[in-house]
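Student: Here you go, this is work07.cif (mmCIF, C-alpha atoms).
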data_data
#
loop_
_atom_site.label_atom_id
_atom_site.label_comp_id
_atom_site.auth_asym_id
_atom_site.auth_seq_id
_atom_site.Cartn_x
_atom_site.Cartn_y
_atom_site.Cartn_z
CA MET A 1 15.34 4.76 -11.54
CA SER A 2 15.27 7.97 -9.57
CA ARG A 3 16.69 7.44 -6.09
CA HIS A 4 15.68 10.73 -4.53
CA VAL A 5 12.66 9.17 -2.76
CA ALA A 6 13.08 5.70 -1.26
CA ILE A 7 10.19 3.39 -0.39
CA VAL A 8 10.17 1.29 2.78
CA THR A 9 7.35 -1.05 3.78
CA ASP A 10 7.09 -4.09 6.03
CA SER A 11 7.08 -7.82 5.45
CA THR A 12 3.27 -8.09 5.58
CA ALA A 13 3.04 -6.39 2.15
CA TYR A 14 3.90 -9.79 0.62
CA LEU A 15 5.33 -8.26 -2.52
CA PRO A 16 7.15 -10.71 -4.81
CA PRO A 17 10.94 -10.43 -4.28
CA GLN A 18 11.53 -9.66 -7.95
CA THR A 19 9.00 -6.82 -7.81
CA MET A 20 10.69 -5.34 -4.74
CA ALA A 21 14.08 -5.56 -6.42
CA ARG A 22 12.82 -3.97 -9.63
CA HIS A 23 11.33 -1.01 -7.78
CA GLY A 24 13.97 -0.73 -5.05
CA ILE A 25 11.47 -1.30 -2.22
CA THR A 26 12.78 -2.32 1.21
CA ALA A 27 10.65 -4.47 3.54
CA VAL A 28 11.32 -4.44 7.28
CA PRO A 29 10.45 -7.84 8.80
CA LEU A 30 7.92 -8.44 11.54
CA THR A 31 8.55 -11.26 14.00
CA VAL A 32 6.71 -14.49 14.68
CA VAL A 33 7.20 -15.99 18.14
CA LEU A 34 6.87 -19.77 17.96
CA GLY A 35 7.04 -21.20 21.43
CA ASP A 36 10.13 -19.50 22.87
CA ARG A 37 11.74 -18.74 19.49
CA ALA A 38 11.51 -15.33 17.83
CA LEU A 39 11.75 -15.70 14.05
CA GLU A 40 11.82 -13.06 11.31
CA GLU A 41 9.01 -13.33 8.79
CA GLY A 42 10.19 -14.18 5.31
CA THR A 43 13.68 -15.38 6.22
CA GLU A 44 13.48 -17.52 9.36
CA ILE A 45 9.97 -18.98 9.18
CA SER A 46 7.90 -19.97 6.17
CA ALA A 47 4.14 -19.92 5.79
CA ARG A 48 4.16 -23.72 5.51
CA SER A 49 6.07 -24.13 8.79
CA LEU A 50 3.65 -21.74 10.44
CA ALA A 51 0.63 -23.65 9.15
CA LEU A 52 2.02 -26.91 10.52
CA ALA A 53 2.65 -25.29 13.92
CA LEU A 54 -0.92 -23.98 14.04
CA GLN A 55 -2.35 -27.37 13.07
CA LYS A 56 -0.41 -28.86 16.00
CA ARG A 57 -1.88 -26.10 18.21
CA ARG A 58 1.54 -24.76 19.16
CA SER A 59 1.74 -21.32 20.77
CA VAL A 60 2.20 -18.66 18.07
CA THR A 61 2.26 -14.89 18.53
CA THR A 62 3.59 -11.97 16.51
CA SER A 63 5.48 -8.79 17.32
CA ARG A 64 6.42 -5.57 15.60
CA PRO A 65 9.92 -4.63 14.43
CA SER A 66 11.89 -2.52 16.88
CA PRO A 67 12.49 1.18 16.11
CA ASP A 68 16.19 0.29 15.78
CA VAL A 69 15.42 -1.96 12.80
CA PHE A 70 13.57 0.87 11.10
CA ALA A 71 16.37 3.29 11.94
CA ALA A 72 18.86 0.98 10.21
CA ALA A 73 16.65 0.78 7.11
CA TYR A 74 16.34 4.56 6.96
CA ARG A 75 20.11 5.02 7.34
CA ALA A 76 20.76 2.51 4.57
CA ALA A 77 18.37 4.33 2.22
CA ALA A 78 20.03 7.67 2.95
CA GLN A 79 23.49 6.19 2.39
CA ALA A 80 22.26 4.86 -0.98
CA GLY A 81 21.37 8.41 -2.04
CA ALA A 82 17.79 8.95 -0.91
CA THR A 83 16.94 12.50 0.10
CA GLY A 84 13.53 11.45 1.45
CA ILE A 85 11.76 8.24 2.46
CA VAL A 86 8.13 7.11 2.36
CA SER A 87 7.54 4.39 4.95
CA LEU A 88 4.25 2.54 4.36
CA HIS A 89 2.85 0.03 6.83
CA LEU A 90 0.04 -2.29 7.77
CA SER A 91 -2.91 -0.94 9.69
CA ALA A 92 -2.04 0.43 13.12
CA GLU A 93 -5.17 -1.39 14.32
CA PHE A 94 -3.32 -4.69 13.77
CA SER A 95 0.20 -3.93 14.93
CA GLY A 96 2.54 -1.45 16.58
CA THR A 97 4.67 -1.44 13.44
CA TYR A 98 3.51 2.06 12.44
CA ASP A 99 4.38 3.41 15.91
CA ALA A 100 7.86 1.89 15.75
CA ALA A 101 8.44 3.50 12.35
CA VAL A 102 7.28 6.89 13.65
CA LEU A 103 9.75 6.69 16.53
CA ALA A 104 12.63 5.82 14.20
CA ALA A 105 11.69 8.56 11.73
CA LYS A 106 12.31 11.28 14.32
CA ASP A 107 16.08 10.71 14.20
CA ALA A 108 16.45 9.66 10.56
CA PRO A 109 19.18 11.41 8.52
CA VAL A 110 16.64 12.45 5.84
CA PRO A 111 12.92 13.35 6.01
CA VAL A 112 10.68 10.30 6.48
CA ARG A 113 6.93 10.28 5.93
CA VAL A 114 5.36 7.37 7.78
CA VAL A 115 1.95 6.29 6.50
CA ASP A 116 -0.61 4.05 8.18
CA THR A 117 -2.24 2.64 5.04
CA GLY A 118 -5.01 0.88 6.96
CA MET A 119 -4.18 -2.11 4.75
CA VAL A 120 -2.37 -5.43 4.95
CA ALA A 121 -1.01 -8.08 2.56
CA MET A 122 -1.10 -7.02 -1.11
CA ALA A 123 -3.56 -4.27 -0.22
CA LEU A 124 -0.46 -2.75 1.41
CA GLY A 125 1.77 -4.02 -1.38
CA PHE A 126 -0.21 -2.16 -4.05
CA CYS A 127 0.18 1.05 -2.02
CA ALA A 128 3.95 0.56 -1.89
CA LEU A 129 4.03 -0.04 -5.64
CA ALA A 130 2.04 3.15 -6.28
CA ALA A 131 4.49 5.16 -4.18
CA ALA A 132 7.48 3.56 -5.92
CA GLU A 133 6.07 4.33 -9.37
CA ALA A 134 5.49 7.95 -8.37
CA ALA A 135 9.08 8.17 -7.10
CA GLU A 136 10.41 6.63 -10.31
CA GLY A 137 8.64 9.40 -12.22
CA ASN A 138 10.69 11.95 -10.26
CA GLY A 139 7.79 12.57 -7.90
CA THR A 140 8.39 14.43 -4.68
CA LEU A 141 7.97 12.99 -1.20
CA ASP A 142 4.46 14.44 -1.02
CA GLU A 143 3.56 13.08 -4.44
CA ALA A 144 4.70 9.57 -3.52
CA VAL A 145 2.66 9.71 -0.31
CA ALA A 146 -0.37 10.99 -2.22
CA ALA A 147 -0.08 8.17 -4.76
CA ALA A 148 -0.03 5.57 -1.97
CA GLU A 149 -2.95 7.16 -0.14
CA LYS A 150 -5.01 7.33 -3.35
CA ARG A 151 -4.36 3.65 -4.01
CA ALA A 152 -5.31 2.77 -0.43
CA ALA A 153 -8.56 4.72 -0.65
CA GLY A 154 -9.68 2.71 -3.67
CA THR A 155 -8.51 -0.71 -2.54
CA SER A 156 -10.78 -3.37 -1.04
CA ALA A 157 -9.94 -6.68 0.58
CA TYR A 158 -12.24 -9.61 1.32
CA PHE A 159 -11.35 -12.94 2.81
CA TYR A 160 -12.69 -16.27 3.96
CA VAL A 161 -11.39 -18.23 6.95
CA ASP A 162 -12.30 -21.74 8.05
CA THR A 163 -12.65 -20.56 11.65
CA LEU A 164 -12.62 -17.28 13.55
CA ASP A 165 -10.69 -18.82 16.46
CA TYR A 166 -7.28 -17.58 15.32
CA LEU A 167 -8.52 -14.02 14.84
CA ARG A 168 -10.18 -14.15 18.25
CA ARG A 169 -7.03 -15.43 19.98
CA GLY A 170 -4.97 -12.63 18.49
CA GLY A 171 -7.53 -9.97 19.41
CA ARG A 172 -8.15 -9.09 15.76
CA ILE A 173 -11.89 -9.71 15.94
CA GLY A 174 -14.35 -9.44 18.81
CA ALA A 175 -14.94 -12.51 20.96
CA ALA A 176 -18.70 -12.10 20.57
CA GLN A 177 -18.48 -12.29 16.78
CA ALA A 178 -16.16 -15.30 16.95
CA LEU A 179 -18.39 -17.17 19.39
CA LEU A 180 -21.49 -16.38 17.33
CA GLY A 181 -19.84 -17.84 14.25
CA SER A 182 -18.87 -21.00 16.11
CA ALA A 183 -22.31 -21.41 17.68
CA LEU A 184 -24.07 -21.15 14.34
CA ALA A 185 -21.47 -23.30 12.53
CA VAL A 186 -21.25 -20.68 9.79
CA LYS A 187 -18.38 -19.91 7.46
CA PRO A 188 -17.42 -16.25 7.78
CA LEU A 189 -16.63 -13.76 5.04
CA LEU A 190 -14.66 -10.79 6.34
CA GLN A 191 -13.48 -7.46 4.97
CA LEU A 192 -10.99 -4.73 5.75
CA ASP A 193 -12.94 -1.67 6.82
CA GLY A 194 -11.37 1.40 8.37
CA GLY A 195 -8.19 -0.52 9.09
CA ARG A 196 -10.10 -3.20 11.01
CA ILE A 197 -11.28 -6.71 10.25
CA GLU A 198 -15.07 -6.73 10.18
CA MET A 199 -17.61 -9.46 9.62
CA LEU A 200 -19.23 -9.02 6.21
CA GLU A 201 -21.45 -12.06 5.74
CA LYS A 202 -22.08 -15.47 7.29
CA VAL A 203 -22.52 -18.37 4.88
CA ARG A 204 -23.50 -21.93 5.71
CA THR A 205 -20.81 -23.92 3.90
CA ALA A 206 -17.24 -23.42 2.75
CA SER A 207 -18.12 -23.94 -0.92
CA LYS A 208 -20.90 -21.34 -0.76
CA ALA A 209 -18.62 -18.90 1.09
CA ILE A 210 -15.89 -19.21 -1.55
CA ALA A 211 -18.45 -18.80 -4.35
CA ARG A 212 -19.73 -15.67 -2.60
CA LEU A 213 -16.17 -14.38 -2.26
CA GLU A 214 -15.78 -14.68 -6.03
CA GLU A 215 -19.03 -12.76 -6.53
CA LEU A 216 -17.92 -9.96 -4.21
CA VAL A 217 -14.59 -9.56 -6.00
CA ALA A 218 -16.17 -9.54 -9.46
CA GLU A 219 -18.79 -7.00 -8.36
CA ARG A 220 -16.20 -4.75 -6.75
CA ALA A 221 -13.90 -4.89 -9.79
CA GLY A 222 -16.67 -4.17 -12.29
CA THR A 223 -15.28 -3.11 -15.64
CA SER A 224 -12.55 -0.83 -14.23
CA ARG A 225 -8.85 -1.42 -14.79
CA VAL A 226 -7.81 -3.24 -11.65
CA ASP A 227 -5.00 -5.24 -10.11
CA ILE A 228 -6.06 -8.25 -8.05
CA ALA A 229 -4.17 -10.38 -5.55
CA VAL A 230 -5.39 -13.77 -4.39
CA HIS A 231 -3.91 -14.91 -1.07
CA HIS A 232 -4.13 -18.20 0.78
CA LEU A 233 -2.60 -20.18 3.61
CA ALA A 234 -2.16 -23.91 3.00
CA ALA A 235 -4.94 -23.79 0.38
CA PRO A 236 -3.19 -23.57 -3.01
CA GLU A 237 -5.95 -25.37 -4.91
CA ARG A 238 -8.57 -22.95 -3.63
CA ALA A 239 -6.39 -20.01 -4.62
CA ALA A 240 -5.66 -21.36 -8.11
CA THR A 241 -9.35 -22.01 -8.78
CA LEU A 242 -10.39 -18.55 -7.60
CA ALA A 243 -7.65 -16.89 -9.67
CA GLU A 244 -8.73 -18.73 -12.80
CA ARG A 245 -12.36 -17.77 -12.27
CA LEU A 246 -11.43 -14.12 -11.78
CA ARG A 247 -9.38 -14.12 -14.99
CA GLU A 248 -12.56 -15.12 -16.78
CA ARG A 249 -14.89 -12.72 -14.96
CA VAL A 250 -12.98 -9.44 -14.60
CA PRO A 251 -12.68 -7.71 -18.00
CA GLY A 252 -10.47 -4.88 -16.74
CA LEU A 253 -7.92 -7.12 -15.02
CA VAL A 254 -4.37 -5.79 -15.46
CA ASP A 255 -2.18 -7.78 -13.05
CA LEU A 256 -3.15 -10.85 -11.06
CA HIS A 257 -0.93 -11.99 -8.19
CA VAL A 258 -1.41 -15.35 -6.48
CA SER A 259 0.58 -16.01 -3.33
CA GLU A 260 0.59 -17.66 0.06
CA VAL A 261 0.50 -15.19 2.92
CA GLY A 262 3.44 -15.02 5.25
CA ALA A 263 3.67 -16.25 8.80
CA VAL A 264 2.48 -13.03 10.48
CA ILE A 265 -0.90 -12.86 8.78
CA GLY A 266 -1.18 -16.64 8.79
CA ALA A 267 -0.79 -16.70 12.56
CA HIS A 268 -3.99 -14.67 12.89
CA THR A 269 -6.09 -16.35 10.21
CA GLY A 270 -5.13 -20.00 10.34
CA PRO A 271 -4.83 -22.59 7.56
CA GLY A 272 -7.57 -22.48 4.93
CA LEU A 273 -7.47 -18.73 4.48
CA LEU A 274 -8.55 -17.52 1.05
CA GLY A 275 -8.49 -13.79 0.36
CA ALA A 276 -8.68 -11.34 -2.49
CA VAL A 277 -7.49 -7.75 -2.84
CA ILE A 278 -8.99 -5.50 -5.52
CA SER A 279 -7.01 -2.36 -6.30
CA PRO A 280 -8.17 -0.01 -9.09
CA ARG A 281 -5.48 1.61 -11.18
#
Turn this file's structure into structure tokens for me.
Tutor:
Amino acid sequence: MSRHVAIVTDSTAYLPPQTMARHGITAVPLTVVLGDRALEEGTEISARSLALALQKRRSVTTSRPSPDVFAAAYRAAAQAGATGIVSLHLSAEFSGTYDAAVLAAKDAPVPVRVVDTGMVAMALGFCALAAAEAAEGNGTLDEAVAAAEKRAAGTSAYFYVDTLDYLRRGGRIGAAQALLGSALAVKPLLQLDGGRIEMLEKVRTASKAIARLEELVAERAGTSRVDIAVHHLAAPERAATLAERLRERVPGLVDLHVSEVGAVIGAHTGPGLLGAVISPR
């Protein structure tokens, strides 16, 4: 693999470890603060531990990596032979991670292009993969960035949550929308739009909401060649059922990833999350 352009992302991309190793992608961890303990996502706190903490109504918050952590990742990439780095991160609307990366990039030993993808979870992961594949084809720094931005522009993400309370507490959705959902006892379907979480539809029951999620994904995928990721938190049966249905319904499906989200996203969505990312090739 060409090492002249290195790819850095963050832990909310939720790329499988073997995929990251194969493509040489580095993920800088965000932090989950559980009570008075600060824990790195992916190594010090699992999604299952996070779900249990939320169910017990323990205090959970999240924080960005420090610029020093990014600086160390950039130095390591340069020492490994990179002459340029593409650093791709979750939406700046959700986190200060992008800002921390920008600060670190100013003093990096090689040029670093920091990109706010406007995405999260495998919507971000697919962008990182696109950049890595461009770099492996001897693409330049600009070409790797362009590949990631093209993938981001075509990618959609929809998700269902049992309650909007977690998103409201974390400031990721407006209090008015959250209270409206609770007052009407509806089950919300949400989407990523412009780097923000927006209400898409309100459905009366969980089963109808999940069926509608399947419809949205199938409609968005159409007959194009697409990669799809199904995410969940403490809802493996829901995820497995949705994945199997999408295998049957999406004729252009190339790769299908099924995974539990990590602690950072889980802290803001709560147990019961079911999401799908559709990313055209």
Student: Write out as a VMD selection string the residues lying within 9 Å of Gly194 of chain A, counting all atoms listed in the file and excluding same-chain residues fewer than 4 positions away.
Tutor: chain A and resid 91 118 to 119
Student: So how many Å separate atom CA of Ala148 of chain A and atom CA of Val114 of chain A, to one decimal?
Tutor: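 These atoms are spaced 11.3 Å apart.
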Student: Name the residues in contact with Leu233 of chain A at a cut-off of 8 Å, using all atoms listed in the file, excluding same-chain residues fewer than 4 positions from it; report them as a list in words.
Tutor: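 Non-adjacent residues within range: Ala47, Arg48, Ala51, Glu260, Val261, Gly266, Gly270, Pro271, Gly272, Leu273 and Leu274 of chain A.
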Student: In terms of the shortest atom-to-atom distance over all atoms listed in the file, which of A:Val33, A:Ala147, A:Ala100, A:Val230 is closest to Ala134 of chain A?
Tutor: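 Closest residue, counting all atoms listed in the file: A:Ala147.
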Student: Which distance in Å separates atom CA of Ala146 of chain A and atom CA of Arg64 of chain A, to one decimal?
Tutor: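 Those two atoms sit 25.3 Å apart.
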Student: List the neighbours of segment 213-216 of chain A out to 12 Å using all atoms listed in the file; skip same-chain residues closer than 5 positions along the sequence, and give me the result as an NGL selection string.
Tutor: :A and (156-161 or 187-191 or 200-203 or 206-208 or 221-222 or 228 or 230 or 238-239 or 241-250 or 273-278)
Student: Restricting the output to C-alpha atoms, write the selected residues as a compact mmCIF listing (two decimals), in the frame of the given file.
Tutor:
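File produced: part.txt:
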# COMPACT_ATOMS: atom_id res chain seq x y z
CA SER A 156 -10.78 -3.37 -1.04
CA ALA A 157 -9.94 -6.68 0.58
CA TYR A 158 -12.24 -9.61 1.32
CA PHE A 159 -11.35 -12.94 2.81
CA TYR A 160 -12.69 -16.27 3.96
CA VAL A 161 -11.39 -18.23 6.95
CA LYS A 187 -18.38 -19.91 7.46
CA PRO A 188 -17.42 -16.25 7.78
CA LEU A 189 -16.63 -13.76 5.04
CA LEU A 190 -14.66 -10.79 6.34
CA GLN A 191 -13.48 -7.46 4.97
CA LEU A 200 -19.23 -9.02 6.21
CA GLU A 201 -21.45 -12.06 5.74
CA LYS A 202 -22.08 -15.47 7.29
CA VAL A 203 -22.52 -18.37 4.88
CA ALA A 206 -17.24 -23.42 2.75
CA SER A 207 -18.12 -23.94 -0.92
CA LYS A 208 -20.90 -21.34 -0.76
CA ALA A 221 -13.90 -4.89 -9.79
CA GLY A 222 -16.67 -4.17 -12.29
CA ILE A 228 -6.06 -8.25 -8.05
CA VAL A 230 -5.39 -13.77 -4.39
CA ARG A 238 -8.57 -22.95 -3.63
CA ALA A 239 -6.39 -20.01 -4.62
CA THR A 241 -9.35 -22.01 -8.78
CA LEU A 242 -10.39 -18.55 -7.60
CA ALA A 243 -7.65 -16.89 -9.67
CA GLU A 244 -8.73 -18.73 -12.80
CA ARG A 245 -12.36 -17.77 -12.27
CA LEU A 246 -11.43 -14.12 -11.78
CA ARG A 247 -9.38 -14.12 -14.99
CA GLU A 248 -12.56 -15.12 -16.78
CA ARG A 249 -14.89 -12.72 -14.96
CA VAL A 250 -12.98 -9.44 -14.60
CA LEU A 273 -7.47 -18.73 4.48
CA LEU A 274 -8.55 -17.52 1.05
CA GLY A 275 -8.49 -13.79 0.36
CA ALA A 276 -8.68 -11.34 -2.49
CA VAL A 277 -7.49 -7.75 -2.84
CA ILE A 278 -8.99 -5.50 -5.52
Student: Pick from A:Ala234, A:Ile7, A:Leu103, A:Ala229: nearest to Leu52 of chain A, with all atoms listed in the file counted?
Tutor: A:Ala234
Student: Write out as a ChimeraX atom specification the residues lying within 12 Å of Gly137 of chain A, counting all atoms listed in the file and excluding same-chain residues fewer than 2 positions away.
Tutor: /A:1-5,23,130-135,139-141,143-144,147
Student: Enumerate, as a ChimeraX atom specification, the residues matched when the PyMOL selection byres ((chain A and resi 122) around 8) is run on the file above.
Tutor: /A:13-15,120-121,123-126,229,277
Student: Can you work out which one of A:Gly252, A:Asp116, A:Ala72, A:Ala235 has the shortest atom-to-atom distance to Thr26 of chain A, counting all atoms listed in the file?
Tutor: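 Going through A:Gly252, A:Asp116, A:Ala72, A:Ala235 one by one, the smallest distance to Thr26 of chain A is for A:Ala72.
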Student: My list of candidates is A:Ala27, A:Ala73, A:Val86, A:Ala92. Which is closest to Gly42 of chain A when distances are computed with only C-alpha atoms?
Tutor: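 Result for the nearest residue to Gly42 of chain A: A:Ala27.
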Student: Report the residues retrieved by the PyMOL selection byres ((chain A and resi 61) around 6) from the displayed file, expressed as number ranges by chain.
Tutor: A: 32-33, 60, 62
Student: Could you check the closest approach to Pro111 of chain A for each of A:Asp142, A:Glu237, A:Glu40, A:Asp68 and tell me which residue wins, using only C-alpha atoms?
Tutor: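 Selected residue with least distance to Pro111 of chain A: A:Asp142.
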